[in-house]
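Novice: This is the structure I have questions about; it appears just below.
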Amino acid sequence: MTPDFASPRLKVGRGDLRRRNRWLLLHLIQTHGPSSQAGLARRSGLSPATVSAILQPLIENRTLVEEGKAQSGIGRKASILAFNPRSILIAGVSIEQEECEVALVDLSARVLDHVTAEYPRYTEPREVADLAVARIRAMLRSNRIDSRALAGIGVAIPGLVDSDSGLVCVATNLGWRNVQLRALFEQKTQLPASVEHLGRAKARAQAVWGQGAGHRNFVCLEIGSGIGAGVVADGRILIGAGAFAGEVGHTVLDPSGPRCACGLDGCWETFCASPAIRRRIGEHLASDAGTGSTLTPGSSVAELGRAAGQGDPVARRVVAETARHLARGLVNVIWNFDPEVVILSGSVVRNCPSLIEATQAGLAKLEAARSFNVPLVAASHESDASVIAASAVVSFRRVEELANG
């Protein structure tokens with residue numbers, strides 16, 4: 001099932017059917033990965049002769065290349081076709097509070113190379129963009145890929161983002177306001193760029209390549225240095241009147257709670273984002289002195305996750321308390337968006353997987369006029385999810401361009 005936002009914007013007129021069929025075949029390779037022509041014919045419903053006629057020019061110009069042979073079947077093995085990474089690549093850039101992830105991604109969402117660059121909190125946007133572009137160029141050189149293969153740059157960032165203009169209106173955890181981030185990347189690279197809210201970018205990637213596939217209504221919740229979400233409602237990503245939909249981390253759980261960077265008190269992310277969890281570790285260690293915990297006041301969320309898995313009593317209490325707060329916030333998400341499933345992503349979930357099970361158990365106990373026991377699942381592609389998500393808009397656009405010829 002193709003989500004509405006992944007459907008093509010193709011030219012209309014003579015040859016329109018051929019363009020749509022070309023897009024369909026390229027989209028199948030993009031979403032399902034390398035495939036034989038026979039496999040594409042089965043999935044698309046097109047005849048093998050039609051598939052061959054459409055793909056042959058793309059094979060001749062090296063947009064598509066053979067990537068091995070089919071492993072099953074009798075007789076001659078069929079060639080497996082894939083997008084040529086040395087012909088077309090997208091750079092994915094995911095910007096966080098104190099680091100950015102940068103990757104080279106092919107049109108089937110496969111990461112060819114991936115690096116992380118760290119910087120102090122509140123680093124200026126231009127410096128972060130310089131750092132990201134330098135890493136992109138270094139990866140192209142180290143992989144001996146011609147810079148002309150780079151078709152564009154996709155950037156994902158938490159905060160209030162107008163994806164149409166590429167304007168980052170507010171990114172509170174980075175200290176950025178009114179940053180023309182798309183223009184900044186385009187000026188530095190002379191390539192088309194796209195800037196998207198991280199939660200919406202994750203939702204798009206999960207709808208096409210991950211746990212959201214086959215669902216028309218789901219929420220992809222990103223939990224890292226803050227909390228954001230991408231909401232898919234009836235196959236469409238919720239944008240909002242000001243293009244700010246998805247900032248669920250600023251739902252107020254407790255007005256007497258900690259002050260949030262947004263200016264309100266007791267926002268959800270002040271209880272469940274990574275800074276809150278690290279603070280909670282210190283508080284529990286101070287009140288539970290002498291328990292023999294392996295944690296220290298400076299322990300990371302990853303160390304918490306490992307300690308909880310080993311039965312550390314302080315770690316398990318921190319996870320249980322965080323899960324209670326996470327469940328409280330999810331009640332609001334479930335009431336408001338009625339999702340089929342909630343996909344949990346981000347560094348907190350990746351580093352502390354036991355949090356999912358603990359939160360699901362908490363939701364199962366809650367019931368009002370409805371049940372809140374909506375399935376919670378970890379995002380797929382998690383190790384590279386942010387950079388894949390960042391690259392997705394540019395990747396879809398490039399496939400449309402190929403289909404339009």
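Following the order of the structure tokens, chains are lettered A, B, ..., residues in each are numbered from 1, and ligands are numbered from 1.
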Per DSSP on the backbone, what are the helix (DSSP H, G or I) residues of segment 53-259 of chain A, as a PyMOL selection string?
Specialist: chain A and resi 53-60+125-142+147-149+181-189+198-209+248-250
Novice: Compile the contact shell of Ala233 of chain A as a list in words: residues with an atom at most 9 Å away, counting only C-alpha atoms, same-chain residues fewer than 5 positions apart removed.
Specialist: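 The contact residues come out as Arg216, Asn217, Phe218, Val219, Leu238, Phe337, Asp338 and Pro339 of chain A.
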Novice: Measuring between only C-alpha atoms, which one of A:Ile153, A:Leu253, A:Val342, A:Ile281 shows the shortest distance to Ala103 of chain A?
Specialist: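 The shortest atom-to-atom distance to Ala103 of chain A comes from A:Ile153.
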Novice: Just the number, please: distance in Å from atom CA of Gly242 of chain A to atom CA of Val394 of chain A, one decimal.
Specialist: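 Answer for the atom CA of Gly242 of chain A to atom CA of Val394 of chain A separation: 22.1 Å.
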Novice: So, counting only C-alpha atoms, which residue among A:Ser79, A:Ser354, A:Ser347, A:Ser94 is closest to Ala132 of chain A?
Specialist: A:Ser94
Novice: In Å to one decimal, how far is atom CA of Leu160 of chain A from atom CA of Thr172 of chain A?
Specialist: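 It comes out at 8.8 Å.
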Novice: Find the residues near Ala41 of chain A: any atom within 12 Å, counting only C-alpha atoms, skip ones fewer than 3 places away on the same chain, and give them as a list of chain:residue names.
Specialist: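 The neighbour list is A:Asn21, A:Arg22, A:Leu24, A:Leu25, A:Leu26, A:Leu28, A:Ile29, A:Ser35, A:Ser36, A:Gln37, A:Ala38, A:Ser44, A:Gly45, A:Leu46, A:Ser47, A:Pro48, A:Ala49, A:Thr50, A:Val51, A:Ser52, A:Ala53, A:Ile54, A:Leu55.
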Novice: Within 6 Å of segment 269-280 of chain A, counting only C-alpha atoms, which residues show up once you throw out same-chain ones fewer than 4 positions away? Write them as a PyMOL selection string, please.
Specialist: chain A and resi 223-227+249+322
Novice: Give me the residues within 10 Å of Val115 of chain A as a PyMOL selection string, counting only C-alpha atoms and dropping any in the same chain fewer than 5 places off.
Specialist: chain A and resi 93+100-104+132+135-136+139
Novice: Quick one: everything within 7 Å of segment 359-369 of chain A, counting only C-alpha atoms, minus sequence neighbours fewer than 3 positions away in the same chain. Send it as a VMD selection string.
Specialist: chain A and resid 323 to 324 326 to 327 355 to 356 372 to 373 376
Novice: For Leu81 of chain A, which residue out of A:Pro34, A:Pro57, A:Pro120, A:Pro125 is the nearest one, using only C-alpha atoms?
Specialist: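 Smallest separation from Leu81 of chain A among the options: A:Pro34.
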Novice: Set the distance at 8 Å and use only C-alpha atoms: which residues neighbour Asp162 of chain A once local chain neighbours fewer than 6 positions away are removed? I'd like the list as JSON, numbers by chain.
Specialist: {"A": [168, 169, 196, 197, 242, 243, 244]}
Novice: Would you work out the distance separating atom CA of Lys202 of chain A from atom CA of Arg121 of chain A, expressed in Å to one decimal?
Specialist: 23.0 Å
Novice: Could you tell me, as a PyMOL selection string, which residues of segment 219-369 of chain A DSSP assigns to strand (DSSP E) when given the backbone?
Specialist: chain A and resi 219-223+227-233+236-237+341-345
Novice: Kindly export the residues of the current selection with C-alpha atoms, as a tab-separated table (two decimals), in the first residue's frame.
Specialist:
```
chain	number	residue	atom	x	y	z
A	219	VAL	CA	2.32	7.78	15.18
A	220	CYS	CA	6.10	7.65	14.98
A	221	LEU	CA	7.40	8.99	18.30
A	222	GLU	CA	11.01	10.21	18.36
A	223	ILE	CA	12.59	10.22	21.84
A	227	ILE	CA	10.33	14.36	22.02
A	228	GLY	CA	8.66	14.88	18.66
A	229	ALA	CA	6.28	12.90	16.49
A	230	GLY	CA	5.20	12.27	12.96
A	231	VAL	CA	1.48	11.58	12.73
A	232	VAL	CA	0.08	9.67	9.75
A	233	ALA	CA	-3.70	10.01	9.52
A	236	ARG	CA	-1.33	11.46	5.03
A	237	ILE	CA	1.30	13.07	7.22
A	341	VAL	CA	0.24	1.40	16.24
A	342	VAL	CA	2.81	3.69	17.87
A	343	ILE	CA	6.35	3.36	16.51
A	344	LEU	CA	9.05	4.33	19.01
A	345	SER	CA	12.34	5.62	17.64
```
Novice: Using only C-alpha atoms, which of the listed residues (A:Leu89, A:His215, A:Asn332, A:Gly152) sits closest to Val111 of chain A?
Specialist: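 So, comparing all the options, the nearest one is A:Leu89.
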